[in-house]
Amino acid sequence: MNDSCKYFFNKSMELLHRKSFDTYRVNLHNPYTIFVELNKSIEKYNKKRIKNFDPTITSIVQEATGFLQNCYLDCVFSFGTFGRKQAVTILDNTTKSDKDGKKNRTLSLLCKSIEVENKEFKKNLFVKIKSLLVTDDKANFEQIDLYTSWLVTQLIHQGYSRKFILDRIRKSKTFLDNNSTIEIVFSKLNTVFDNNRDDYEAIFKIKPNSADTLLIASNQINELDAFPKEFENKRYISERFKEISEGEKYLSVIINSLDFWSALRTTYLLVTETVEINCLHDIDNKITLDKQALIIHCSSRSYRMESIEENLDGFYDYQESDFVRFVENFKALNGRSNVAYEKIRSAIRFYKLGNDSQEIEHKILNYWIGFEQLFSAIDTEEDSINRMKSFFIAINAVYYWQRRTTYLLNRAGVNYSFENFTNSQLPVDPHPNPQIQHRLEKYVVLLNDKKELRGSIEKHIKRLNQHLTRIYRVRNELVHEGRTSVDLFLIAGHLRHYLLFSIEQITNELIENQTLGCLDDVFVYFENILERIKDANNIKEIFEIKKYTGYME
């Protein structure tokens with residue numbers, strides 16, 4: 001396997017690994033999906049379902065503009081009726097003042113044109129990536145990195161689960177390891193992700209207080225008298241799941257889907273709908289769903305036994321000593337600052353409620369309430385959302401490069417240390433992972449260039465601002481409409497991290513920094529530290545200004 005192939009497979013698996021650093025996990029959008037979201041948002045704005053054009057719509061416009069400015073876009077993307085330059089001009093001219101709606105209509109047509117003209121975006125990415133891997137030139141690593149990220153985002157957008165994508169990527173790597181050619185492997189991979197949807201059956205076990213009164217709320221759900229005999233002796237199926245006790249029953253849902261895990265996500269929503277409706281029948285009717293479900297591919301009869309709750313993304317490098325430190329600081333907070341203690345206590349409570357919730361919508365709403373409690377203030381005329389953005393972004397951005405550098409060194413291994421970056425020198429022998437070696441080489445230059453460092457931090461700040469704007473819109477959609485078209489699992493993973501990270505850092509700083517007397521002091525402190533970090537000459541100065549310590553990412 002050549003170095004370009006190694007780069008592709010390592011990048012793919014890092015994108016899909018839930019413990020990857022957030023910068024390197026799969027992105028919500030690529031150049032295609034951002035215009036899909038923009039078009040839907042314009043439609044909602046025109047129907048008065050989104051109140052504010054700025055920043056709700058303009059934030060998405062900024063993201064779209066960033067994609068259009070990428071120098072590698074033309075090789076895989078088409079603008080149809082509009083040229084790239086014209087598309088950028090249309091986005092640049094988008095403003096909140098558009099009384100006759102003409103600009104909105106033009107922007108909407110641009111989005112629709114891009115959607116229609118780029119139906120083959122996934123195929124174009126496969127073709128281009130294959131070509132780059134065959135060429136095997138180190139100079140193309142940046143392109144491979146970018147196109148791989150766009151490809152994985154596109155596959156998720158089309159409905160494939162992350163587990164299925166990761167499974168197929170790993171199998172393709174195995175084929176290459178066994179001396180198959182790049183052409184053959186990518187032909188198979190492209191075919192796998194071109195398959196039509198197929199029928200899957202998901203079997204859930206449910207126990208209401210009164211089994212006789214459970215009413216099914218969907219025509220797609222059927223009750224089963226017993227566990228299917230066909231699977232009674234199959235491996236990897238919990239024996240407890242096969243047994244049915246008094247009051248328990250099985251529910252079967254057949255759905256058309258792309259893979260096992262996508263089918264589970266869809267069928268689970270239907271079953272939880274039935275659970276919620278039946279709770280209206282009797283206030284004391286507690287209904288319990290088994291934590292696992294059996295998913296069967298209807299034609300092949302292959303199966304999977306899976307947890308009904310998906311793990312959210314997030315890297316938690318637990319350190320016992322740092323957690324003890326946090327707990328001691330939290331205890332010290334009680335009595336020193338009642339307002340801060342109550343706010344942090346409330347944020348922790350809603351963090352737990354979010355973790356305990358099985359429905360992803362409930363997770364997001366609870367995480368958001370905790371996040372909002374932490375940063376809000378009742379004795380100020382400041383806009384609450386802008387206040388939350390400003391203060392959280394400062395805390396997060398202060399530690400951005402410290403955490404990112406530590407993550408890379410942990411991946412690189414024992415032969416690499418912080419001194420490699422401060423001395424601008426790497427070991428003579430390259431790292432066996434070409435992706436890691438490429439990143440190390442980039443960091444050695446970037447982390448010692450004041451302009452590049454500042455630019456990367458400001459880019460991170462802009463990205464955080466855009467993402468928080470999106471999260472707030474998703475929160476509003478869930479509250480007012482009960483649904484949203486955005487990938488809730490990615491949103492929930494980020495929001496959980498934002499909340500936990502803030503709880504820890506604010507608590508520690510408030511107790512350990514004697515100059516800070518209240519929460520607003522902490523927020524202003526981090527804003528001023530961020531300005532110093534932006535002005536740092538190199539990574540060594542950044543660590544000297546503020547070293548990151550904590551029990552998680």
# chains A, B, ... in the order shown; residues from 1 in each chain; ligands from 1
$ closest_atom_pairs --of "segment 392-435 of chain A" --to "segment 22-40 of chain A" --cutoff "12 Å" --atoms "only C-alpha atoms" --output "tab-separated table"
residue	atom	partner	partner_atom	distance
A:Asn396	CA	A:Asp22	CA	11.9
A:Tyr400	CA	A:Thr23	CA	9.8
A:Trp401	CA	A:Thr23	CA	10.9
A:Arg403	CA	A:Asp22	CA	10.3
A:Arg404	CA	A:Thr23	CA	8.2
A:Thr405	CA	A:Thr23	CA	11.6
A:Tyr407	CA	A:Asp22	CA	10.3
A:Leu408	CA	A:Tyr24	CA	10.6
A:Gln435	CA	A:Tyr24	CA	11.9
$ write_last_selection --atoms "all heavy atoms" --output "CSV table (one decimal), in the first residue's frame"
chain,number,residue,atom,x,y,z
A,396,ASN,N,-12.9,28.7,25.0
A,396,ASN,CA,-12.5,27.6,24.1
A,396,ASN,C,-11.3,28.0,23.3
A,396,ASN,O,-10.3,27.2,23.2
A,396,ASN,CB,-13.7,27.3,23.2
A,396,ASN,CG,-13.4,26.1,22.3
A,396,ASN,OD1,-12.7,26.2,21.3
A,396,ASN,ND2,-14.0,24.9,22.7
A,400,TYR,N,-7.2,26.4,22.4
A,400,TYR,CA,-7.3,25.7,21.1
A,400,TYR,C,-6.0,25.1,20.7
A,400,TYR,O,-6.0,23.8,20.5
A,400,TYR,CB,-7.8,26.7,20.0
A,400,TYR,CG,-7.9,26.0,18.7
A,400,TYR,CD1,-8.7,25.0,18.4
A,400,TYR,CD2,-7.1,26.5,17.6
A,400,TYR,CE1,-8.8,24.4,17.2
A,400,TYR,CE2,-7.2,25.9,16.3
A,400,TYR,CZ,-8.0,24.9,16.1
A,400,TYR,OH,-8.1,24.3,14.9
A,401,TRP,N,-4.9,25.8,20.7
A,401,TRP,CA,-3.7,25.2,20.2
A,401,TRP,C,-3.0,24.4,21.2
A,401,TRP,O,-2.3,23.4,20.8
A,401,TRP,CB,-2.7,26.3,19.7
A,401,TRP,CG,-2.9,26.6,18.2
A,401,TRP,CD1,-3.4,27.7,17.6
A,401,TRP,CD2,-2.7,25.7,17.1
A,401,TRP,NE1,-3.5,27.6,16.3
A,401,TRP,CE2,-3.1,26.3,15.9
A,401,TRP,CE3,-2.2,24.4,17.1
A,401,TRP,CZ2,-2.9,25.7,14.7
A,401,TRP,CZ3,-2.1,23.7,15.8
A,401,TRP,CH2,-2.5,24.4,14.7
A,403,ARG,N,-4.5,22.3,23.2
A,403,ARG,CA,-5.2,21.0,23.1
A,403,ARG,C,-4.9,20.3,21.8
A,403,ARG,O,-4.7,19.1,21.7
A,403,ARG,CB,-6.7,21.2,23.3
A,403,ARG,CG,-7.1,21.6,24.6
A,403,ARG,CD,-8.6,22.2,24.7
A,403,ARG,NE,-9.5,21.3,24.0
A,403,ARG,CZ,-10.3,21.8,23.0
A,403,ARG,NH1,-10.2,23.0,22.6
A,403,ARG,NH2,-11.1,21.0,22.4
A,404,ARG,N,-4.9,21.1,20.7
A,404,ARG,CA,-4.6,20.5,19.4
A,404,ARG,C,-3.2,19.9,19.3
A,404,ARG,O,-3.0,18.9,18.7
A,404,ARG,CB,-4.9,21.6,18.3
A,404,ARG,CG,-4.9,21.1,16.9
A,404,ARG,CD,-5.4,22.1,16.0
A,404,ARG,NE,-5.1,21.8,14.6
A,404,ARG,CZ,-5.4,22.6,13.6
A,404,ARG,NH1,-6.0,23.7,13.8
A,404,ARG,NH2,-5.1,22.2,12.3
A,405,THR,N,-2.2,20.6,19.9
A,405,THR,CA,-0.9,20.2,19.9
A,405,THR,C,-0.7,18.9,20.7
A,405,THR,O,0.0,18.0,20.3
A,405,THR,CB,0.1,21.3,20.4
A,405,THR,OG1,-0.1,22.5,19.6
A,405,THR,CG2,1.5,20.9,20.3
A,407,TYR,N,-3.0,16.7,21.3
A,407,TYR,CA,-3.6,15.6,20.6
A,407,TYR,C,-2.7,15.0,19.6
A,407,TYR,O,-2.5,13.8,19.4
A,407,TYR,CB,-4.9,16.1,19.9
A,407,TYR,CG,-5.5,15.1,19.0
A,407,TYR,CD1,-6.3,14.1,19.4
A,407,TYR,CD2,-5.4,15.3,17.6
A,407,TYR,CE1,-6.9,13.2,18.5
A,407,TYR,CE2,-5.9,14.4,16.7
A,407,TYR,CZ,-6.7,13.4,17.2
A,407,TYR,OH,-7.3,12.5,16.3
A,408,LEU,N,-2.0,15.9,18.8
A,408,LEU,CA,-1.1,15.4,17.8
A,408,LEU,C,0.1,14.6,18.4
A,408,LEU,O,0.5,13.5,17.9
A,408,LEU,CB,-0.6,16.5,16.9
A,408,LEU,CG,0.5,16.2,15.9
A,408,LEU,CD1,-0.1,15.1,14.9
A,408,LEU,CD2,0.9,17.4,15.1
A,435,GLN,N,0.0,10.4,7.3
A,435,GLN,CA,-0.9,11.5,7.7
A,435,GLN,C,-0.3,12.2,8.9
A,435,GLN,O,-0.3,13.4,8.9
A,435,GLN,CB,-2.2,10.9,8.0
A,435,GLN,CG,-3.3,12.0,8.4
A,435,GLN,CD,-4.4,11.4,9.3
A,435,GLN,OE1,-4.3,10.4,9.9
A,435,GLN,NE2,-5.5,12.1,9.3
$ closest_atom_pairs --of "segment 438-518 of chain A" --to "segment 369-388 of chain A" --cutoff "10 Å" --atoms "only C-alpha atoms" --output "CSV"
residue,atom,partner,partner_atom,distance
A:Asn465,CA,A:Asn386,CA,9.5
A:Leu468,CA,A:Ile385,CA,9.0
A:Thr469,CA,A:Ile385,CA,8.6
A:Tyr472,CA,A:Ile385,CA,8.2
A:Arg475,CA,A:Ile369,CA,9.8
A:Leu495,CA,A:Phe371,CA,8.2
A:Arg496,CA,A:Phe371,CA,8.9
A:Tyr498,CA,A:Phe371,CA,7.7
A:Leu499,CA,A:Phe371,CA,5.4
A:Leu500,CA,A:Phe371,CA,8.9
A:Ser502,CA,A:Leu374,CA,8.3
A:Ile503,CA,A:Leu374,CA,7.9
A:Ile506,CA,A:Leu374,CA,9.3
$ write_last_selection --atoms "N, CA, C and O atoms" --output "PDB file, in the first residue's frame"
ATOM      1  N   ASN A 465     -18.332  30.571  16.114  1.00  0.00           N
ATOM      2  CA  ASN A 465     -19.450  31.519  16.051  1.00  0.00           C
ATOM      3  C   ASN A 465     -20.542  31.002  15.124  1.00  0.00           C
ATOM      4  O   ASN A 465     -21.738  31.035  15.460  1.00  0.00           O
ATOM      5  N   LEU A 468     -22.289  27.903  16.774  1.00  0.00           N
ATOM      6  CA  LEU A 468     -23.187  28.270  17.864  1.00  0.00           C
ATOM      7  C   LEU A 468     -24.472  28.911  17.324  1.00  0.00           C
ATOM      8  O   LEU A 468     -25.556  28.700  17.882  1.00  0.00           O
ATOM      9  N   THR A 469     -24.348  29.677  16.243  1.00  0.00           N
ATOM     10  CA  THR A 469     -25.537  30.236  15.598  1.00  0.00           C
ATOM     11  C   THR A 469     -26.435  29.124  15.090  1.00  0.00           C
ATOM     12  O   THR A 469     -27.662  29.157  15.243  1.00  0.00           O
ATOM     13  N   TYR A 472     -28.172  27.277  18.025  1.00  0.00           N
ATOM     14  CA  TYR A 472     -29.290  28.067  18.552  1.00  0.00           C
ATOM     15  C   TYR A 472     -30.504  27.949  17.633  1.00  0.00           C
ATOM     16  O   TYR A 472     -31.640  27.834  18.099  1.00  0.00           O
ATOM     17  N   ARG A 475     -31.992  24.530  18.191  1.00  0.00           N
ATOM     18  CA  ARG A 475     -32.724  24.551  19.463  1.00  0.00           C
ATOM     19  C   ARG A 475     -34.097  25.174  19.273  1.00  0.00           C
ATOM     20  O   ARG A 475     -35.102  24.658  19.764  1.00  0.00           O
ATOM     21  N   LEU A 495     -22.269  20.120  21.461  1.00  0.00           N
ATOM     22  CA  LEU A 495     -22.872  20.878  22.551  1.00  0.00           C
ATOM     23  C   LEU A 495     -22.521  20.275  23.904  1.00  0.00           C
ATOM     24  O   LEU A 495     -22.280  21.000  24.888  1.00  0.00           O
ATOM     25  N   ARG A 496     -22.498  18.954  23.975  1.00  0.00           N
ATOM     26  CA  ARG A 496     -22.097  18.297  25.227  1.00  0.00           C
ATOM     27  C   ARG A 496     -20.669  18.682  25.605  1.00  0.00           C
ATOM     28  O   ARG A 496     -20.373  18.996  26.766  1.00  0.00           O
ATOM     29  N   TYR A 498     -19.042  21.412  24.651  1.00  0.00           N
ATOM     30  CA  TYR A 498     -19.017  22.832  25.022  1.00  0.00           C
ATOM     31  C   TYR A 498     -19.428  23.015  26.483  1.00  0.00           C
ATOM     32  O   TYR A 498     -18.818  23.798  27.224  1.00  0.00           O
ATOM     33  N   LEU A 499     -20.469  22.300  26.902  1.00  0.00           N
ATOM     34  CA  LEU A 499     -20.979  22.445  28.263  1.00  0.00           C
ATOM     35  C   LEU A 499     -19.996  21.899  29.290  1.00  0.00           C
ATOM     36  O   LEU A 499     -19.665  22.585  30.273  1.00  0.00           O
ATOM     37  N   LEU A 500     -19.517  20.683  29.088  1.00  0.00           N
ATOM     38  CA  LEU A 500     -18.607  20.074  30.054  1.00  0.00           C
ATOM     39  C   LEU A 500     -17.290  20.838  30.147  1.00  0.00           C
ATOM     40  O   LEU A 500     -16.768  21.077  31.245  1.00  0.00           O
ATOM     41  N   SER A 502     -16.797  23.983  29.572  1.00  0.00           N
ATOM     42  CA  SER A 502     -17.036  25.262  30.254  1.00  0.00           C
ATOM     43  C   SER A 502     -17.174  25.067  31.758  1.00  0.00           C
ATOM     44  O   SER A 502     -16.629  25.845  32.552  1.00  0.00           O
ATOM     45  N   ILE A 503     -17.928  24.041  32.165  1.00  0.00           N
ATOM     46  CA  ILE A 503     -18.123  23.778  33.591  1.00  0.00           C
ATOM     47  C   ILE A 503     -16.781  23.604  34.297  1.00  0.00           C
ATOM     48  O   ILE A 503     -16.517  24.203  35.349  1.00  0.00           O
ATOM     49  N   ILE A 506     -14.366  27.016  34.019  1.00  0.00           N
ATOM     50  CA  ILE A 506     -14.872  28.150  34.804  1.00  0.00           C
ATOM     51  C   ILE A 506     -14.714  27.876  36.297  1.00  0.00           C
ATOM     52  O   ILE A 506     -14.279  28.747  37.067  1.00  0.00           O
TER      53      ILE A 506
END
$ select_by_dssp --residues "segment 115-242 of chain A" --states "strand (DSSP E)" --output "PyMOL selection string"
chain A and resi 198-207+221-224
$ select_by_dssp --residues "segment 383-553 of chain A" --states "helix (DSSP H, G or I)" --output "PyMOL selection string"
chain A and resi 384-398+400-412+418-422+434-446+450-480+488-512+519-534+539-545
$ closest_residue --among "A:Leu125, A:Ile156, A:Leu488, A:Met305" --to "Glu239 of chain A" --atoms "only C-alpha atoms"
A:Met305
$ closest_residue --among "A:Lys363, A:Phe501, A:Tyr7, A:Tyr416" --to "Leu478 of chain A" --atoms "only C-alpha atoms"
A:Lys363
$ residues_around --residues "Lys173 of chain A" --least-positions-apart "5" --cutoff "10 Å" --atoms "only C-alpha atoms" --output "list in words"
Met1, Cys5, Lys6, Phe8, Phe9, Asn10, Arg168, Asn178, Ser180, Ile182 and Val185 of chain A
$ write_last_selection --atoms "N, CA and C atoms" --output "compact mmCIF listing (two decimals), in the first residue's frame"
# COMPACT_ATOMS: atom_id res chain seq x y z
N MET A 1 0.84 -1.19 0.00
CA MET A 1 0.00 0.00 0.00
C MET A 1 0.88 1.24 0.00
N CYS A 5 -2.43 6.05 -0.17
CA CYS A 5 -3.50 5.16 0.30
C CYS A 5 -3.54 5.13 1.82
N LYS A 6 -2.36 5.03 2.43
CA LYS A 6 -2.30 5.06 3.90
C LYS A 6 -2.91 6.35 4.43
N PHE A 8 -5.20 8.25 2.99
CA PHE A 8 -6.65 8.23 2.80
C PHE A 8 -7.34 7.41 3.88
N PHE A 9 -6.83 6.20 4.15
CA PHE A 9 -7.50 5.34 5.11
C PHE A 9 -7.35 5.87 6.54
N ASN A 10 -6.19 6.41 6.87
CA ASN A 10 -6.01 6.99 8.21
C ASN A 10 -6.90 8.22 8.40
N ARG A 168 -17.08 -0.26 5.85
CA ARG A 168 -16.70 -0.44 4.43
C ARG A 168 -15.29 0.10 4.16
N ASN A 178 -4.26 -7.00 1.09
CA ASN A 178 -4.15 -8.34 0.49
C ASN A 178 -3.83 -8.29 -1.01
N SER A 180 -4.87 -6.33 -3.49
CA SER A 180 -5.81 -5.89 -4.51
C SER A 180 -5.34 -4.52 -5.03
N ILE A 182 -5.76 -0.47 -6.38
CA ILE A 182 -6.54 0.72 -6.00
C ILE A 182 -7.78 0.83 -6.87
N VAL A 185 -10.39 -1.77 -5.72
CA VAL A 185 -10.92 -1.43 -4.39
C VAL A 185 -11.89 -0.26 -4.47
$ closest_residue --among "A:Lys451, A:His362, A:Ile206, A:Leu16" --to "Glu246 of chain A" --atoms "only C-alpha atoms"
A:Ile206
$ residues_around --residues "segment 65-80 of chain A" --least-positions-apart "4" --cutoff "6 Å" --atoms "only C-alpha atoms" --output "list of chain:residue names"
A:Pro31, A:Ile114, A:Glu117, A:Asn124
$ closest_residue --among "A:Asp3, A:Leu251, A:Leu280, A:Arg197" --to "Pro430 of chain A" --atoms "only C-alpha atoms"
A:Asp3
$ residues_around --residues "Ile50 of chain A" --least-positions-apart "5" --cutoff "10 Å" --atoms "only C-alpha atoms" --output "ChimeraX atom specification"
/A:41-45,56-57,473,476-477
$ write_last_selection --atoms "N, CA, C and O atoms" --output "short mmCIF file (atom, residue, chain, number, x, y, z; two decimals), in the first residue's frame"
data_model
loop_
_atom_site.label_atom_id
_atom_site.label_comp_id
_atom_site.auth_asym_id
_atom_site.auth_seq_id
_atom_site.Cartn_x
_atom_site.Cartn_y
_atom_site.Cartn_z
N SER A 41 -33.11 27.08 4.81
CA SER A 41 -33.20 28.19 5.76
C SER A 41 -33.85 29.42 5.13
O SER A 41 -34.62 30.13 5.80
N ILE A 42 -33.55 29.68 3.86
CA ILE A 42 -34.19 30.80 3.16
C ILE A 42 -35.70 30.56 3.05
O ILE A 42 -36.51 31.48 3.26
N GLU A 43 -36.08 29.33 2.74
CA GLU A 43 -37.50 28.99 2.68
C GLU A 43 -38.19 29.24 4.02
O GLU A 43 -39.29 29.80 4.08
N LYS A 44 -37.54 28.84 5.10
CA LYS A 44 -38.12 29.05 6.43
C LYS A 44 -38.19 30.54 6.77
O LYS A 44 -39.15 31.00 7.40
N TYR A 45 -37.17 31.29 6.35
CA TYR A 45 -37.18 32.74 6.61
C TYR A 45 -38.33 33.40 5.85
O TYR A 45 -39.04 34.25 6.40
N THR A 56 -28.74 34.43 11.53
CA THR A 56 -29.14 33.05 11.24
C THR A 56 -28.80 32.63 9.81
O THR A 56 -28.20 31.57 9.59
N ILE A 57 -29.18 33.47 8.83
CA ILE A 57 -28.91 33.14 7.43
C ILE A 57 -27.51 33.57 7.02
O ILE A 57 -26.79 32.84 6.34
N ARG A 473 -30.27 27.94 16.32
CA ARG A 473 -31.39 27.78 15.38
C ARG A 473 -32.01 26.38 15.53
O ARG A 473 -33.24 26.25 15.52
N ASN A 476 -34.17 26.29 18.56
CA ASN A 476 -35.46 26.96 18.31
C ASN A 476 -36.40 26.08 17.49
O ASN A 476 -37.60 26.02 17.74
N GLU A 477 -35.84 25.40 16.48
CA GLU A 477 -36.66 24.52 15.65
C GLU A 477 -37.24 23.37 16.47
O GLU A 477 -38.40 22.99 16.29
#
$ residues_around --residues "Lys122 of chain A" --least-positions-apart "3" --cutoff "9 Å" --atoms "only C-alpha atoms" --output "short mmCIF file (atom, residue, chain, number, x, y, z; two decimals) with all heavy atoms, in the first residue's frame"
data_model
loop_
_atom_site.label_atom_id
_atom_site.label_comp_id
_atom_site.auth_asym_id
_atom_site.auth_seq_id
_atom_site.Cartn_x
_atom_site.Cartn_y
_atom_site.Cartn_z
N VAL A 76 -14.05 19.05 -8.70
CA VAL A 76 -15.10 18.09 -8.33
C VAL A 76 -16.48 18.72 -8.26
O VAL A 76 -17.46 18.03 -7.97
CB VAL A 76 -14.78 17.46 -6.94
CG1 VAL A 76 -13.56 16.56 -7.02
CG2 VAL A 76 -14.60 18.54 -5.88
N ASN A 118 -24.96 19.16 -9.05
CA ASN A 118 -23.95 18.38 -8.34
C ASN A 118 -24.49 17.08 -7.76
O ASN A 118 -24.04 16.61 -6.72
CB ASN A 118 -23.33 19.24 -7.23
CG ASN A 118 -22.43 20.33 -7.79
OD1 ASN A 118 -21.28 20.08 -8.17
ND2 ASN A 118 -22.96 21.54 -7.85
N LYS A 119 -25.44 16.49 -8.47
CA LYS A 119 -25.96 15.19 -8.06
C LYS A 119 -24.87 14.11 -8.10
O LYS A 119 -24.95 13.10 -7.42
CB LYS A 119 -27.12 14.77 -8.98
CG LYS A 119 -28.35 15.66 -8.89
CD LYS A 119 -28.98 15.63 -7.50
CE LYS A 119 -30.26 16.44 -7.44
NZ LYS A 119 -30.84 16.47 -6.09
N LEU A 125 -15.98 12.85 -6.33
CA LEU A 125 -15.00 12.74 -5.25
C LEU A 125 -14.30 11.39 -5.28
O LEU A 125 -13.08 11.30 -5.13
CB LEU A 125 -15.68 12.96 -3.90
CG LEU A 125 -16.12 14.40 -3.59
CD1 LEU A 125 -17.02 14.44 -2.37
CD2 LEU A 125 -14.90 15.30 -3.38
N PHE A 126 -15.07 10.33 -5.48
CA PHE A 126 -14.48 8.99 -5.58
C PHE A 126 -13.45 8.93 -6.72
O PHE A 126 -12.34 8.41 -6.56
CB PHE A 126 -15.56 7.94 -5.82
CG PHE A 126 -16.10 7.32 -4.56
CD1 PHE A 126 -17.44 7.43 -4.24
CD2 PHE A 126 -15.27 6.61 -3.70
CE1 PHE A 126 -17.94 6.86 -3.09
CE2 PHE A 126 -15.76 6.02 -2.54
CZ PHE A 126 -17.10 6.15 -2.23
N VAL A 127 -13.84 9.46 -7.87
CA VAL A 127 -12.96 9.43 -9.05
C VAL A 127 -11.68 10.21 -8.79
O VAL A 127 -10.57 9.74 -9.10
CB VAL A 127 -13.70 9.99 -10.29
CG1 VAL A 127 -12.73 10.20 -11.45
CG2 VAL A 127 -14.83 9.06 -10.70
N TRP A 150 -14.82 15.79 2.60
CA TRP A 150 -16.06 16.11 1.86
C TRP A 150 -16.83 14.83 1.53
O TRP A 150 -18.06 14.82 1.59
CB TRP A 150 -15.72 16.85 0.57
CG TRP A 150 -15.26 18.26 0.79
CD1 TRP A 150 -15.21 18.94 1.96
CD2 TRP A 150 -14.77 19.17 -0.22
NE1 TRP A 150 -14.72 20.21 1.76
CE2 TRP A 150 -14.44 20.37 0.44
CE3 TRP A 150 -14.56 19.06 -1.59
CZ2 TRP A 150 -13.93 21.48 -0.24
CZ3 TRP A 150 -14.06 20.16 -2.28
CH2 TRP A 150 -13.74 21.36 -1.62
N LEU A 151 -16.12 13.76 1.17
CA LEU A 151 -16.76 12.51 0.79
C LEU A 151 -17.53 11.90 1.97
O LEU A 151 -18.69 11.49 1.83
CB LEU A 151 -15.72 11.51 0.28
CG LEU A 151 -16.23 10.10 -0.04
CD1 LEU A 151 -17.27 10.14 -1.16
CD2 LEU A 151 -15.07 9.18 -0.42
N GLN A 154 -20.60 13.78 2.67
CA GLN A 154 -21.62 13.53 1.64
C GLN A 154 -22.33 12.19 1.86
O GLN A 154 -23.55 12.09 1.71
CB GLN A 154 -20.97 13.56 0.26
CG GLN A 154 -21.95 13.56 -0.90
CD GLN A 154 -22.72 14.86 -1.02
OE1 GLN A 154 -22.39 15.85 -0.36
NE2 GLN A 154 -23.75 14.88 -1.83
N LEU A 155 -21.58 11.18 2.25
CA LEU A 155 -22.17 9.86 2.49
C LEU A 155 -23.15 9.91 3.67
O LEU A 155 -24.23 9.33 3.63
CB LEU A 155 -21.08 8.83 2.75
CG LEU A 155 -20.17 8.50 1.57
CD1 LEU A 155 -19.02 7.60 2.01
CD2 LEU A 155 -20.94 7.86 0.42
N ASN A 190 -17.15 2.37 -4.50
CA ASN A 190 -18.13 3.22 -5.18
C ASN A 190 -19.44 2.48 -5.39
O ASN A 190 -20.53 3.03 -5.21
CB ASN A 190 -17.56 3.69 -6.52
CG ASN A 190 -18.27 4.92 -7.05
OD1 ASN A 190 -19.22 5.42 -6.46
ND2 ASN A 190 -17.81 5.41 -8.18
#
$ atom_distance --atom1 "atom CA of Val339 of chain A" --atom2 "atom CA of Ile511 of chain A"
13.7 Å
